[in-house]
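S.K.: Please see the structure below; I have some questions.
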Amino acid sequence: MDEMVVIADLGVCGGIDEYIVLSHCWGPLTDQDKKRFYTTSENYKARKLGFSYVELPKTFQDVVQVTRALQKQYLWIDALYIFAYADCTIAASSAHSWRDGFLKAQSNSLDTGVQSIPSTPTCTCDFNKDVDRGPLMKRAWVLQERVLSRQIIHFSVVHTYFECGDGVMCEQFITLKPSFGKQYFILDPNFPSRVNVAGFKRTANFIQFLFQEYSTFGLSFDTDRDVVIHSLVERMGQVLETQVRYGIFHCFLSIDFISNSKHSLMVLRSVDLGFADDGQALNVKVRQFGGICRMGKKGGKCVIVDGAKEVGSLWFDMADLIQLEDCNCVVISMPKGRKKEVSWKYHVLIIQKKVRDGEYKRVGVGKVEVQYVSSDGSTGMLW
Ligand SMILES: [Zn+2]
């Protein structure tokens, strides 16, 4: 198939209301690849006139085929914040890179149009394994793409799935049983409106799940991590009609987002934290790490140790190269209900001084035994 593909200028076309979006892994790219595949100011004019389908990498060729099979005219590759408005997202779940493609050579599903529904619908497919644990879902951007998409067709190695607000159906027309819970929020075609009707605990659970997922996902650039979570969190803040700053939801100040979900979610509201009126900063009580503790490593995890004893855990937002003595902390919450014990832990934001006195930035989160955090502190501004 040597056909022409053209770049459409949305500014000129205007009002495009039906288009397909590709969700995919970039894979490792050489400088030559970038020169060949990127649309830049140098080749933009030429591409608007059209370029050959065969020039495209395999994954892009495949999605052009799918777009045509769905009889859509426009396809969007790689632009964030657009997913919520696209008609349908094509998830190249099986492709590790642009070169791989995702349509099976023997697949004839595109040629046959609508397949007939089998008389005895049974299937042994595994959505969880094929999609949730496939190569595409290892990318942090993709979770966002998935959460914000209205409809998605997942092309996995062995099976194809259709996901929409009502659930997931596989290529054998079997409606898969939804794992009710976190999935319920991800499937929301108007994400995150369901957080408003789901109740406090389920919403808190979901937010915790999102943060946990993001912290384990791969990103090409670590600085993307903030950006990726930011737009989802902002949307949730709008729907919950609350402010969100530095990972803190104003209405959920009493919730622990970093503890293991098996443990109690509810914690006391910290008196160390307030939302400043300027719309940006948090007014905080700045405390010191006390005692004779230092930072150590345990199985790739950052821990706080006193001698051989582990007294806390740390999770840095960007890099693990920060020294404990360069950090302060803000207590955001503490366990609820239990009797005060020696191993009682504060949940803290780890912060670092900015250039100006009294101004701090967030560098991570942690859990530290109470006696290793100073009881008094100075006032500061976190932003
Ligand atoms: Zn199936």
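Residue names in the structure tokens use chain letters A, B, ... in the order shown, residue numbers from 1 in each chain, and ligand numbers from 1 in the order shown.
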Would you name the residues within 8 Å of ligand 1, counting only C-alpha atoms and all ligand atoms, and put them as a list in words?
M.R.: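 Written in the requested form, the residues are Thr122, Cys123, Thr124, Cys125, Asp126, His159, Thr160, Tyr161, Met169, Cys170, Glu171, Gln172, Phe173 and Ile174 of chain A.
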S.K.: One number please: atom CA of Gln65 of chain A to atom CA of Glu145 of chain A, in Å, one decimal.
M.R.: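 One can read the atom CA of Gln65 of chain A to atom CA of Glu145 of chain A distance as 21.0 Å.
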S.K.: Report as a PDB file with C-alpha atoms, in the first residue's frame all protein, DNA and RNA residues lying within 9 Å of segment 303-314 of chain A, evaluated on only C-alpha atoms, omitting residues in the same chain fewer than 2 positions from it.
M.R.:
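File produced: part11.pdb:
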ATOM      1  CA  GLY A 291      18.221  12.002  67.007  1.00  0.00           C
ATOM      2  CA  ILE A 292      21.182  10.262  65.462  1.00  0.00           C
ATOM      3  CA  CYS A 293      19.467   9.002  62.382  1.00  0.00           C
ATOM      4  CA  ARG A 294      20.867   8.910  58.869  1.00  0.00           C
ATOM      5  CA  MET A 295      19.747   7.877  55.432  1.00  0.00           C
ATOM      6  CA  GLY A 296      20.461   4.402  54.097  1.00  0.00           C
ATOM      7  CA  LYS A 297      19.488   2.030  51.339  1.00  0.00           C
ATOM      8  CA  LYS A 298      17.607  -1.207  51.750  1.00  0.00           C
ATOM      9  CA  LYS A 301      14.436   1.649  48.940  1.00  0.00           C
ATOM     10  CA  PHE A 316      11.904  11.129  46.713  1.00  0.00           C
ATOM     11  CA  LEU A 324      18.998  13.755  54.939  1.00  0.00           C
ATOM     12  CA  SER A 343       7.117   2.714  66.697  1.00  0.00           C
ATOM     13  CA  LYS A 345       5.126   6.982  62.706  1.00  0.00           C
ATOM     14  CA  ILE A 350      10.263  16.022  52.843  1.00  0.00           C
ATOM     15  CA  GLY A 364       9.506  13.798  48.554  1.00  0.00           C
ATOM     16  CA  VAL A 365       7.387  12.024  51.124  1.00  0.00           C
ATOM     17  CA  GLY A 366       8.210   9.738  54.013  1.00  0.00           C
ATOM     18  CA  LYS A 367       7.224   7.874  57.140  1.00  0.00           C
ATOM     19  CA  VAL A 368       9.301   8.410  60.226  1.00  0.00           C
ATOM     20  CA  GLU A 369       9.048   7.272  63.830  1.00  0.00           C
ATOM     21  CA  TYR A 372      13.059  11.150  65.141  1.00  0.00           C
TER      22      TYR A 372
END
S.K.: Check the smallest atom-to-atom distance from each of A:Met236, A:Leu103, A:Ile152, A:Cys327 to Ala86 of chain A using only C-alpha atoms, then report the winner.
M.R.: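 Closest candidate: A:Ile152.
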